[in-house]
Structures are given as structure tokens and as C-alpha cells.
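Student: Here it is: the structure, laid out below.
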Amino acid sequence: MESIYLQKCLGTCLTQGLAEVARVRPMDPIEYLALWIYKYKENVTMEQLRQREMIELEHERELAMMEQEMLERLKAEELLFQQQLAFQLELEMQEKEKQETEELQRTQQELNKEMSMDGTARGEESILSEESVDSGKTLAEISDRYGAPNLSRVEELDEPMLSDVALNIDQDL
């Protein structure tokens, strides 16, 4: 019974200590064995502490890896969200451009209809106005179309011709 207790509690420690005493052969083997067993206990305690620290470090490393993966997923989701937002903004801009184009086409069609209606009425007026061109009116005065310039009549002045200027210079010389 005592041997079982000694083997269970001191088995590895005692055998390793006695092997160390046999190898070193100190002057006081009992004191050396006592100090060696005391140091063995410190070493075992330190080894257990080191193993616990390694387990904690491994656990913290796993948590850090999980956190890193979570951050990467969040960044990927944010990038995806920004891309979707940019795509939606682009679609909205295209829709606005399409609506503006349609509105412009409708306005242009309405103007064309008005112009064609005015054109038939003005066609008759233009025949009459061609006859009245000799009366001294400008084209802008004749045309009542939208956007036609309102230009005043410019009268030409009698300017001396180049040959007249040359003769005056020759005479001065």
C-alpha cells in the first residue's frame, strides 16, 4: 500500500531525482535530492502555468482570427452596399435622363405641330409678304416666327471706291 502511494505521488519525480544524484554524485546526496525535488515541483508548476498560458493564447488567437474575419466580412458588405448604392444612383440618373429626353421630345413634337399649323397659315402670308418685300420691310419684320431676330434696317452709305481714293492720292503727289 505504501509502495502504491509512493509510486503514484513520487514515482517519476523520485526515479528522475535518483538518476540525477547517480549521474552528478554530489558530496551530500540527501540535500541535493531534496533541493532537486523542490526544484522539480517548481518546474512542474511553471510547466502547468505555461501550458495554461498557451491555451489562453491559443484561445485569444482564435478570437482575434474570428474578429478579423468578421471585420473582413463587414468591409466586404460595406463595399457591396456602396456598389449597390452607386448602381442605384446610376440607374436613377439614367431614368432622369430618359425622362428629360422624353420630355424634350414631347416638347419638340408640340413645337413641330404648332409650327406646321402656323406654317400653313404663314405659307399664305409668305406669298403675300413676298409681294410686300419691295415695300422696304426687313425679313424679321415680315416673319413673326418665334425666335426670329428683330433686326433693324441698315442703309448703305455711298462710300468712295478704291479707284477714287487712288486718284486722290495721285493728285496729292
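Ordering of the C-alpha cells sets the chain letters (A, B, ...); residue numbers start at 1 within each chain; ligands are numbered from 1 in the order shown.
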Give me the residues within 12 Å of region 16-27 of chain A as a PDB file with N, CA and C atoms, in the first residue's frame, counting only C-alpha atoms and dropping any in the same chain fewer than 6 places off.

Tutor:
ATOM      1  N   LEU A  10       5.297   9.956  -5.996  1.00  0.00           N
ATOM      2  CA  LEU A  10       6.701  10.287  -6.171  1.00  0.00           C
ATOM      3  C   LEU A  10       7.384   9.452  -7.261  1.00  0.00           C
ATOM      4  N   LEU A  33      19.224  15.748  -3.353  1.00  0.00           N
ATOM      5  CA  LEU A  33      17.952  15.158  -3.767  1.00  0.00           C
ATOM      6  C   LEU A  33      16.779  16.003  -3.282  1.00  0.00           C
ATOM      7  N   ALA A  34      16.871  16.551  -2.065  1.00  0.00           N
ATOM      8  CA  ALA A  34      15.794  17.392  -1.521  1.00  0.00           C
ATOM      9  C   ALA A  34      15.658  18.678  -2.345  1.00  0.00           C
ATOM     10  N   LEU A  35      16.767  19.325  -2.643  1.00  0.00           N
ATOM     11  CA  LEU A  35      16.713  20.542  -3.461  1.00  0.00           C
ATOM     12  C   LEU A  35      16.224  20.235  -4.893  1.00  0.00           C
ATOM     13  N   TRP A  36      16.653  19.090  -5.403  1.00  0.00           N
ATOM     14  CA  TRP A  36      16.234  18.707  -6.755  1.00  0.00           C
ATOM     15  C   TRP A  36      14.726  18.469  -6.794  1.00  0.00           C
ATOM     16  N   ILE A  37      14.165  17.790  -5.789  1.00  0.00           N
ATOM     17  CA  ILE A  37      12.715  17.540  -5.729  1.00  0.00           C
ATOM     18  C   ILE A  37      11.963  18.857  -5.571  1.00  0.00           C
ATOM     19  N   TYR A  38      12.489  19.777  -4.740  1.00  0.00           N
ATOM     20  CA  TYR A  38      11.865  21.095  -4.575  1.00  0.00           C
ATOM     21  C   TYR A  38      11.862  21.844  -5.910  1.00  0.00           C
ATOM     22  N   LYS A  39      12.976  21.818  -6.600  1.00  0.00           N
ATOM     23  CA  LYS A  39      13.086  22.483  -7.902  1.00  0.00           C
ATOM     24  C   LYS A  39      12.179  21.786  -8.919  1.00  0.00           C
ATOM     25  N   TYR A  40      12.068  20.458  -8.811  1.00  0.00           N
ATOM     26  CA  TYR A  40      11.184  19.706  -9.702  1.00  0.00           C
ATOM     27  C   TYR A  40       9.750  20.186  -9.546  1.00  0.00           C
ATOM     28  N   LYS A  41       9.335  20.431  -8.323  1.00  0.00           N
ATOM     29  CA  LYS A  41       7.978  20.915  -8.042  1.00  0.00           C
ATOM     30  C   LYS A  41       7.772  22.293  -8.691  1.00  0.00           C
TER      31      LYS A  41
END

Student: For CA of Asn43 (chain A) and CA of Lys8 (chain A), determine how far apart the two atoms are, in Å to one decimal place.

Tutor: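 Separation between CA of Asn43 (chain A) and CA of Lys8 (chain A): 18.5 Å.
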